[in-house]
Amino acid sequence: MCAYSIVASNDINERSLKALKEAGHEINAFGIGTHLVTCQKQPALGGVYKLVEVNGKPRIKLSQDVEKITIPGQKDVYRLYGSSGHALVDMLVMPSEGAPKAGERILCRHPHVETKRALVIPARVEPLLKLVFDGKLTEQMPSLDELRSHVFAQLATMREDHVRLDDPTPYKVSVSSMLYDYVHQLWMSEAPIAELR
């Protein structure tokens with residue numbers, strides 16, 4: 001057994017970790033600083049927190065950039081798995097709809113683009129939302145080891161093309177038909193109508 005440790009640092013990132021793993025190494029520990037606290041590939045997150053409901057009334061943010069239009073109101077979210085055990089798609093539904101059912105055909109829709117849709121028959125359905133704080137903690141928070149195990153278990157359900165470093169396939173998040181109709185009704189009711197003279 002080795003009596004010493006080999007520690008590597010200096011701009012270690014996911015690419016250098018992958019290259020070292022593929023080459024084989026005897027490093028015991030990595031010192032990751034800069035690339036842990038900053039994202040070199042995307043230094044700014046293109047997202048802003050938006051309210052989707054105020055006092056029980058749904059709110060929608062409209063934009064000429066369709067991808068920036070919010071999905072109003074409360075929602076539940078489920079992960080749909082295929083027969084291979086891999087995650088197929090995450091699906092947002094209205095709380096009144098209830099959970100999608102394994103073995104039943106479900107129409108999954110893009111939230112904004114009418115022609116982007118797919119029929120899915122999930123082998124398994126997993127709820128992703130869990131209430132953990134309601135004025136106070138509602139359940140014991142998991143330990144770091146439990147969180148780490150959960151992350152690895154979730155990653156194991158993803159297809160390799162979703163998690164590869166180079167040119168990953170985007171993982172899809174869809175909405176139910178009911179939520180799609182709801183979004184578009186509110187969108188049309190809130191969108192200004194031009195008046196031509």
# chains A, B, ... in the order shown; residues from 1 in each chain; ligands from 1
>>> residues_around(residues="Leu165 of chain A", least_positions_apart="2", cutoff="10 Å", atoms="only C-alpha atoms", output="ChimeraX atom specification")
/A:14-15,18,160-163,167-168
>>> select_by_dssp(residues="segment 112-164 of chain A", states="alpha helix (DSSP H)", output="JSON, numbers by chain")
{"A": [144, 145, 146, 147, 148, 149, 150, 151, 152, 153, 154, 155, 156, 160, 161, 162, 163]}
>>> atom_distance(atom1="atom CA of Ser176 of chain A", atom2="atom CA of Gln154 of chain A")
22.9 Å
>>> select_by_dssp(residues="segment 5-192 of chain A", states="strand (DSSP E or B)", output="number ranges by chain")
A: 7-8, 29-30, 53-54, 57-58, 76-81, 87-93, 106-109, 117-120, 124-127, 133, 137, 173-175
>>> residues_around(residues="segment 169-175 of chain A", least_positions_apart="5", cutoff="10 Å", atoms="only C-alpha atoms", output="number ranges by chain")
A: 71, 75, 77-79, 87-94, 107-112, 116-118, 158-164, 180-181, 183
>>> write_last_selection(atoms="N, CA and C atoms", output="compact mmCIF listing (two decimals), in the first residue's frame")
# COMPACT_ATOMS: atom_id res chain seq x y z
N ILE A 71 -44.64 29.26 -18.05
CA ILE A 71 -45.78 28.34 -17.97
C ILE A 71 -46.51 28.68 -16.67
N LYS A 75 -47.98 23.50 -10.89
CA LYS A 75 -47.76 22.34 -11.74
C LYS A 75 -47.18 21.21 -10.90
N VAL A 77 -44.72 17.65 -11.57
CA VAL A 77 -43.78 17.18 -12.58
C VAL A 77 -43.45 15.71 -12.34
N TYR A 78 -43.41 14.95 -13.42
CA TYR A 78 -43.17 13.52 -13.36
C TYR A 78 -42.09 13.14 -14.38
N ARG A 79 -41.30 12.14 -14.05
CA ARG A 79 -40.32 11.58 -14.99
C ARG A 79 -40.90 10.28 -15.54
N ALA A 87 -34.71 7.20 -18.55
CA ALA A 87 -35.66 8.30 -18.53
C ALA A 87 -35.93 8.74 -19.96
N LEU A 88 -37.21 8.91 -20.31
CA LEU A 88 -37.58 9.34 -21.65
C LEU A 88 -37.82 10.85 -21.71
N VAL A 89 -38.56 11.36 -20.74
CA VAL A 89 -38.97 12.76 -20.76
C VAL A 89 -39.51 13.13 -19.38
N ASP A 90 -39.37 14.39 -19.00
CA ASP A 90 -40.04 14.90 -17.81
C ASP A 90 -41.29 15.62 -18.29
N MET A 91 -42.37 15.50 -17.51
CA MET A 91 -43.65 16.04 -17.96
C MET A 91 -44.29 16.88 -16.87
N LEU A 92 -44.66 18.11 -17.24
CA LEU A 92 -45.40 19.01 -16.35
C LEU A 92 -46.89 18.81 -16.59
N VAL A 93 -47.64 18.71 -15.50
CA VAL A 93 -49.10 18.55 -15.59
C VAL A 93 -49.76 19.50 -14.60
N MET A 94 -51.02 19.79 -14.82
CA MET A 94 -51.78 20.57 -13.86
C MET A 94 -52.12 19.67 -12.67
N LEU A 107 -49.85 11.83 -24.46
CA LEU A 107 -49.37 12.79 -25.44
C LEU A 107 -48.53 13.83 -24.71
N CYS A 108 -47.25 13.87 -25.04
CA CYS A 108 -46.33 14.84 -24.46
C CYS A 108 -46.12 15.96 -25.48
N ARG A 109 -46.31 17.20 -25.04
CA ARG A 109 -46.26 18.33 -25.96
C ARG A 109 -45.18 19.31 -25.57
N HIS A 110 -44.59 19.93 -26.58
CA HIS A 110 -43.69 21.06 -26.35
C HIS A 110 -44.56 22.18 -25.79
N PRO A 111 -44.08 22.93 -24.80
CA PRO A 111 -44.95 23.94 -24.19
C PRO A 111 -45.41 25.05 -25.13
N HIS A 112 -44.64 25.32 -26.20
CA HIS A 112 -44.98 26.46 -27.05
C HIS A 112 -45.15 26.13 -28.53
N LYS A 116 -44.41 20.10 -32.19
CA LYS A 116 -43.45 19.26 -31.45
C LYS A 116 -44.20 18.49 -30.38
N ARG A 117 -44.39 17.20 -30.62
CA ARG A 117 -45.15 16.36 -29.68
C ARG A 117 -44.76 14.90 -29.89
N ALA A 118 -45.04 14.08 -28.91
CA ALA A 118 -44.72 12.65 -29.01
C ALA A 118 -45.69 11.86 -28.14
N MET A 158 -30.17 8.00 -17.10
CA MET A 158 -30.09 8.81 -18.31
C MET A 158 -29.35 8.05 -19.41
N ARG A 159 -29.82 8.22 -20.64
CA ARG A 159 -29.10 7.64 -21.77
C ARG A 159 -27.73 8.30 -21.88
N GLU A 160 -26.78 7.55 -22.39
CA GLU A 160 -25.41 8.05 -22.48
C GLU A 160 -25.32 9.31 -23.33
N ASP A 161 -26.14 9.39 -24.39
CA ASP A 161 -26.07 10.57 -25.26
C ASP A 161 -26.57 11.84 -24.57
N HIS A 162 -27.34 11.70 -23.48
CA HIS A 162 -27.78 12.88 -22.72
C HIS A 162 -26.68 13.40 -21.80
N VAL A 163 -25.77 12.55 -21.37
CA VAL A 163 -24.78 12.97 -20.36
C VAL A 163 -23.36 13.05 -20.91
N ARG A 164 -23.17 12.75 -22.20
CA ARG A 164 -21.81 12.83 -22.75
C ARG A 164 -21.32 14.28 -22.74
N TYR A 180 -50.94 22.42 -21.91
CA TYR A 180 -50.66 23.12 -23.17
C TYR A 180 -51.83 24.05 -23.52
N ASP A 181 -53.06 23.50 -23.48
CA ASP A 181 -54.24 24.31 -23.81
C ASP A 181 -54.39 25.48 -22.84
N VAL A 183 -52.01 27.04 -21.10
CA VAL A 183 -50.98 28.04 -21.38
C VAL A 183 -51.38 28.89 -22.58
>>> atom_distance(atom1="atom CA of Pro43 of chain A", atom2="atom CA of Ile12 of chain A")
16.8 Å
>>> atom_distance(atom1="atom CA of Gly82 of chain A", atom2="atom CA of Val125 of chain A")
9.2 Å
>>> closest_residue(among="A:Ser177, A:Asn55, A:Ser83, A:Gln64", to="Glu114 of chain A", atoms="only C-alpha atoms")
A:Ser177
>>> closest_residue(among="A:Val120, A:Gly73, A:Leu129, A:Glu195", to="Leu179 of chain A", atoms="only C-alpha atoms")
A:Gly73
>>> residues_around(residues="segment 96-106 of chain A", least_positions_apart="3", cutoff="6 Å", atoms="only C-alpha atoms", output="ChimeraX atom specification")
/A:119-125
>>> write_last_selection(atoms="C-alpha atoms", output="mmCIF file, in the first residue's frame")
data_model
loop_
_atom_site.group_PDB
_atom_site.id
_atom_site.type_symbol
_atom_site.label_atom_id
_atom_site.label_comp_id
_atom_site.auth_asym_id
_atom_site.auth_seq_id
_atom_site.Cartn_x
_atom_site.Cartn_y
_atom_site.Cartn_z
ATOM 1 C CA LEU A 119 -46.815 9.740 -27.793
ATOM 2 C CA VAL A 120 -45.202 7.990 -24.835
ATOM 3 C CA ILE A 121 -46.175 4.766 -23.084
ATOM 4 C CA PRO A 122 -44.104 4.858 -19.897
ATOM 5 C CA ALA A 123 -43.032 1.656 -18.182
ATOM 6 C CA ARG A 124 -42.623 3.603 -14.948
ATOM 7 C CA VAL A 125 -43.623 7.065 -13.693
#
>>> residues_around(residues="Ala29 of chain A", least_positions_apart="3", cutoff="10 Å", atoms="only C-alpha atoms", output="NGL selection string")
:A and (5-9 or 26 or 32)
>>> write_last_selection(atoms="N, CA and C atoms", output="PDB file, in the first residue's frame")
ATOM      1  N   SER A   5       0.210  10.335  -0.714  1.00  0.00           N
ATOM      2  CA  SER A   5      -0.927  10.682  -1.569  1.00  0.00           C
ATOM      3  C   SER A   5      -0.446  11.570  -2.699  1.00  0.00           C
ATOM      4  N   ILE A   6      -1.050  11.406  -3.855  1.00  0.00           N
ATOM      5  CA  ILE A   6      -0.772  12.273  -4.998  1.00  0.00           C
ATOM      6  C   ILE A   6      -2.000  13.147  -5.198  1.00  0.00           C
ATOM      7  N   VAL A   7      -1.784  14.447  -5.109  1.00  0.00           N
ATOM      8  CA  VAL A   7      -2.871  15.417  -5.259  1.00  0.00           C
ATOM      9  C   VAL A   7      -2.588  16.253  -6.500  1.00  0.00           C
ATOM     10  N   ALA A   8      -3.576  16.397  -7.373  1.00  0.00           N
ATOM     11  CA  ALA A   8      -3.427  17.216  -8.577  1.00  0.00           C
ATOM     12  C   ALA A   8      -4.365  18.410  -8.488  1.00  0.00           C
ATOM     13  N   SER A   9      -3.877  19.566  -8.927  1.00  0.00           N
ATOM     14  CA  SER A   9      -4.714  20.761  -8.972  1.00  0.00           C
ATOM     15  C   SER A   9      -4.284  21.618 -10.158  1.00  0.00           C
ATOM     16  N   GLU A  26      -2.528   7.524 -11.152  1.00  0.00           N
ATOM     17  CA  GLU A  26      -2.397   7.088  -9.754  1.00  0.00           C
ATOM     18  C   GLU A  26      -2.671   8.235  -8.801  1.00  0.00           C
ATOM     19  N   ILE A  32     -10.053  20.974  -6.922  1.00  0.00           N
ATOM     20  CA  ILE A  32     -10.825  21.694  -7.938  1.00  0.00           C
ATOM     21  C   ILE A  32     -11.386  22.948  -7.287  1.00  0.00           C
TER      22      ILE A  32
END
>>> residues_around(residues="Ala153 of chain A", least_positions_apart="5", cutoff="12 Å", atoms="only C-alpha atoms", output="PyMOL selection string")
chain A and resi 85-87+146-148+158
